[in-house]
Amino acid sequence: MSGLRVAVAGGGLGGLCLAQGLLKAGVDVTVYERDAQLAARRQGYRLHVDARAGLALEQCLPAGSLGLFQATCSEGSTRLTVVSERLRVLNEQRRTGSADPYAPATLSTSVNRQTLREVLAAGLDGRLVFGCELASYQAGPDGVRLHFADGRQAEADLLVGADGVGSAVRRQYLPAAAPADTGKRVVYGKTPLGPAEEDRLPSALRDGFTAVTGGAVGMATGLVRFRERPERAAPWLSPAGDYLMWAVAADRGRFGVTDERLAAMSPAELHALTAKLIRTWHPDLRALHARAAVDETFLVRVCTSPPVPPWPPSRVTLLGDAIHAMSPARGSGANTALQDAALLCRTLAGTEHASGEQAGTEQAGTEQAGTERTGAERTGAERTSGDLIAAVGEYERQMRDYGYAAVAASSQAEAETGMRHNRLMFWLYRRMTGPRG
């Protein structure tokens with residue numbers, strides 16, 4: 001991979017993991033992130049992570065960073081509970097088995113998203129460029145030119161669109177793959193948990209993930225109890241304390257305001273609106289919602305990508321939500337993006353990119369005017385270009401298989417549970433639990 005230049009659009013989990021893996025393999029990689037810093041906007045709190053993430057991180061991260069990830073994970077959930085809005089237990093599952101929930105191959109726990117993102121960004125100094133929003137690109141036989149919104153430009157041999165659901169790369173490259181709006185809206189919040197606050201939690205919410213059913217409106221809650229506080233594990237990590245993440249979900253029409261108004265609401269307005277939606281619920285549920293860090297409240301519109309037929313590989317490719325955005329059902333989004341990153345690193349391994357000087361030397365020794373060259377006579381640049389495209393094609397072949405399968409599984413889970421007496425309850429139940437072995 002010596003001499004290969006890779007540009008990654010988007011500094012989310014998948015893009016950063018890819019950069020780490022490529023850097024580990026000796027690749028010249030640069031990540032262009034539109035935000036001004038890692039914590040510029042709210043992108044989520046608690047993430048369920050499984051073996052897909054564990055194996056990808058083991059492959060791509062330096063040993064020290066992998067250890068830091070494991071140290072700052074949350075304590076694993078021991079119980080999954082479904083309760084009514086009056087806190088009556090409707091269903092309960094307890095964790096069984098002796099597998100290590102923090103080992104890469106058997107990973108099954110949760111993590112604070114911001115902490116993971118900071119761990120993934122460690123060591124990328126000079127290779128993670130903030131404030132660079134990709135506007136468009138030009139791809140040619142010899143490389144890709146990137147055009148940013150502020151007029152800057154950059155060049156690379158390969159452009160990877162890791163820029164999420166609204167991907168500028170996908171919009172230009174595969175417009176037919178644009179995600180569709182499912183009509184579901186989720187308001188996320190975060191309630192800090194000191195010792196006194198945790199004692200005030202209803203018992204059903206103290207051991208992991210809980211889904212609360214309230215008719216057409218539901219709530220999911222998930223605890224994050226750090227194995228080791230991030231700032232204690234590494235002084236450069238942002239301080240974070242234990243918390244309860246909650247998510248109030250419903251179809252967009254249930255919020256009582258237009259979709260445009262909902263999207264424009266401030267954190268305080270979203271918090272107040274969701275308080276109204278659960279105003280008849282059990283006082284303990286309303287109390288934990290009231291104790292939230294109001295400024296941390298934000299809205300997510302749930303979108304899902306349609307499967308598109310295979311496309312010819314090129315010097316542009318995509319990963320994560322940019323190509324296979326999915327319903328949160330089954331908790332696969334982040335895990336699949338990290339899986340993409342590791343796979344792309346593996347398929348690129350072994351490709352080489354000849355410099356212009358090397359290509360020119362080979363061409364001078366092999367090319368004859370007016371004569372079509374054989375495969376053995378092609379220049380180094382042409383051979384390595386073919387190798388690169390082949391590697392991208394192999395990545396895309398595998399990624400389409402499992403990526404679209406994950407999208408379909410998430411959609412199927414919603415369709416199957418829609419036949420039950422409370423569709424939203426089971427949608428929420430699957431939201432953060434993910435597949436369980």
# chains A, B, ... in the order shown; residues from 1 in each chain; ligands from 1

call {"tool": "residues_around", "arguments": {"residues": "A:Val111", "least_positions_apart": "4", "cutoff": "6 Å", "atoms": "only C-alpha atoms", "output": "mmCIF file with N, CA, C and O atoms, in the first residue's frame"}}
result
data_model
loop_
_atom_site.group_PDB
_atom_site.id
_atom_site.type_symbol
_atom_site.label_atom_id
_atom_site.label_comp_id
_atom_site.auth_asym_id
_atom_site.auth_seq_id
_atom_site.Cartn_x
_atom_site.Cartn_y
_atom_site.Cartn_z
ATOM 1 N N ARG A 46 -25.366 6.554 24.103
ATOM 2 C CA ARG A 46 -25.062 5.146 24.344
ATOM 3 C C ARG A 46 -25.172 4.347 23.049
ATOM 4 O O ARG A 46 -26.174 4.424 22.344
ATOM 5 N N LEU A 47 -24.151 3.559 22.731
ATOM 6 C CA LEU A 47 -24.155 2.674 21.572
ATOM 7 C C LEU A 47 -23.971 1.235 22.032
ATOM 8 O O LEU A 47 -23.092 0.948 22.849
ATOM 9 N N CYS A 73 -15.442 1.196 28.206
ATOM 10 C CA CYS A 73 -16.777 0.678 27.918
ATOM 11 C C CYS A 73 -17.653 0.783 29.159
ATOM 12 O O CYS A 73 -17.165 0.949 30.282
ATOM 13 N N SER A 74 -18.921 0.645 28.954
ATOM 14 C CA SER A 74 -19.832 0.554 30.077
ATOM 15 C C SER A 74 -19.834 -0.866 30.628
ATOM 16 O O SER A 74 -19.524 -1.829 29.917
#

call {"tool": "closest_atom_pairs", "arguments": {"of": "stretch 58-134 of chain A", "to": "stretch 338-346 of chain A", "cutoff": "12 Å", "atoms": "only C-alpha atoms", "output": "CSV"}}
result
residue,atom,partner,partner_atom,distance
A:Glu58,CA,A:Ala342,CA,9.2
A:Gln59,CA,A:Ala342,CA,6.7
A:Cys60,CA,A:Ala342,CA,6.5
A:Leu61,CA,A:Ala342,CA,10.0
A:Leu116,CA,A:Leu338,CA,11.6
A:Arg117,CA,A:Leu338,CA,11.7
A:Leu120,CA,A:Leu338,CA,10.8

call {"tool": "select_by_dssp", "arguments": {"residues": "stretch 168-390 of chain A", "states": "strand (DSSP E)", "output": "PyMOL selection string"}}
result
chain A and resi 180-192+208-214+217-224+243-251+298-304+316-318

call {"tool": "closest_atom_pairs", "arguments": {"of": "stretch 229-316 of chain A", "to": "stretch 174-178 of chain A", "cutoff": "8 Å", "atoms": "only C-alpha atoms", "output": "tab-separated table"}}
result
residue	atom	partner	partner_atom	distance
A:Ser305	CA	A:Ala178	CA	6.2
A:Pro306	CA	A:Ala177	CA	6.0
A:Pro307	CA	A:Ala177	CA	7.0
A:Val308	CA	A:Ala177	CA	6.1

call {"tool": "closest_residue", "arguments": {"among": "A:Ala53, A:Leu299, A:Val407, A:Ala168", "to": "A:Phe255", "atoms": "only C-alpha atoms"}}
result
A:Leu299

call {"tool": "select_by_dssp", "arguments": {"residues": "stretch 110-334 of chain A", "states": "helix (DSSP H, G or I)", "output": "JSON, numbers by chain"}}
result
{"A": [113, 114, 115, 116, 117, 118, 119, 120, 121, 168, 169, 170, 171, 172, 173, 175, 176, 177, 195, 196, 197, 198, 199, 203, 204, 205, 230, 231, 232, 233, 252, 253, 254, 255, 259, 260, 261, 262, 263, 264, 267, 268, 269, 270, 271, 272, 273, 274, 275, 276, 277, 283, 284, 285, 286, 287, 288, 289, 290, 294, 295, 296, 321, 322, 323, 324, 329, 330, 331, 333, 334]}

call {"tool": "atom_distance", "arguments": {"atom1": "atom CA of A:Ala162", "atom2": "atom CA of A:Ala247"}}
result
25.3 Å

call {"tool": "residues_around", "arguments": {"residues": "stretch 192-201 of chain A", "least_positions_apart": "4", "cutoff": "10 Å", "atoms": "only C-alpha atoms", "output": "PyMOL selection string"}}
result
chain A and resi 205-206+223-225+240-245+284-285+287-288+291-293

call {"tool": "residues_around", "arguments": {"residues": "A:Pro310", "least_positions_apart": "4", "cutoff": "12 Å", "atoms": "only C-alpha atoms", "output": "PyMOL selection string"}}
result
chain A and resi 174+176-177+393-401+404

call {"tool": "write_last_selection", "arguments": {"atoms": "N, CA and C atoms", "output": "mmCIF file, in the first residue's frame"}}
result
data_model
loop_
_atom_site.group_PDB
_atom_site.id
_atom_site.type_symbol
_atom_site.label_atom_id
_atom_site.label_comp_id
_atom_site.auth_asym_id
_atom_site.auth_seq_id
_atom_site.Cartn_x
_atom_site.Cartn_y
_atom_site.Cartn_z
ATOM 1 N N LEU A 174 -23.888 7.892 -6.166
ATOM 2 C CA LEU A 174 -24.990 6.934 -6.270
ATOM 3 C C LEU A 174 -26.285 7.576 -5.788
ATOM 4 N N ALA A 176 -29.257 7.144 -6.537
ATOM 5 C CA ALA A 176 -30.380 6.225 -6.356
ATOM 6 C C ALA A 176 -30.348 5.545 -4.992
ATOM 7 N N ALA A 177 -29.217 5.641 -4.283
ATOM 8 C CA ALA A 177 -29.077 4.988 -2.983
ATOM 9 C C ALA A 177 -29.447 5.913 -1.822
ATOM 10 N N GLY A 393 -13.586 -3.108 -5.586
ATOM 11 C CA GLY A 393 -14.689 -3.950 -6.034
ATOM 12 C C GLY A 393 -14.952 -5.114 -5.094
ATOM 13 N N GLU A 394 -13.887 -5.728 -4.589
ATOM 14 C CA GLU A 394 -14.067 -6.836 -3.661
ATOM 15 C C GLU A 394 -14.674 -6.354 -2.346
ATOM 16 N N TYR A 395 -14.206 -5.206 -1.870
ATOM 17 C CA TYR A 395 -14.814 -4.624 -0.666
ATOM 18 C C TYR A 395 -16.302 -4.376 -0.885
ATOM 19 N N GLU A 396 -16.650 -3.754 -1.997
ATOM 20 C CA GLU A 396 -18.055 -3.416 -2.243
ATOM 21 C C GLU A 396 -18.917 -4.661 -2.402
ATOM 22 N N ARG A 397 -18.362 -5.709 -3.002
ATOM 23 C CA ARG A 397 -19.125 -6.945 -3.155
ATOM 24 C C ARG A 397 -19.514 -7.504 -1.787
ATOM 25 N N GLN A 398 -18.541 -7.606 -0.893
ATOM 26 C CA GLN A 398 -18.839 -8.148 0.434
ATOM 27 C C GLN A 398 -19.696 -7.190 1.255
ATOM 28 N N MET A 399 -19.383 -5.903 1.178
ATOM 29 C CA MET A 399 -20.121 -4.906 1.951
ATOM 30 C C MET A 399 -21.588 -4.881 1.564
ATOM 31 N N ARG A 400 -21.875 -4.980 0.264
ATOM 32 C CA ARG A 400 -23.276 -5.001 -0.169
ATOM 33 C C ARG A 400 -23.998 -6.201 0.434
ATOM 34 N N ASP A 401 -23.330 -7.331 0.468
ATOM 35 C CA ASP A 401 -23.979 -8.547 0.966
ATOM 36 C C ASP A 401 -24.408 -8.390 2.416
ATOM 37 N N TYR A 404 -26.555 -4.686 3.163
ATOM 38 C CA TYR A 404 -27.971 -4.690 2.803
ATOM 39 C C TYR A 404 -28.728 -5.774 3.565
#
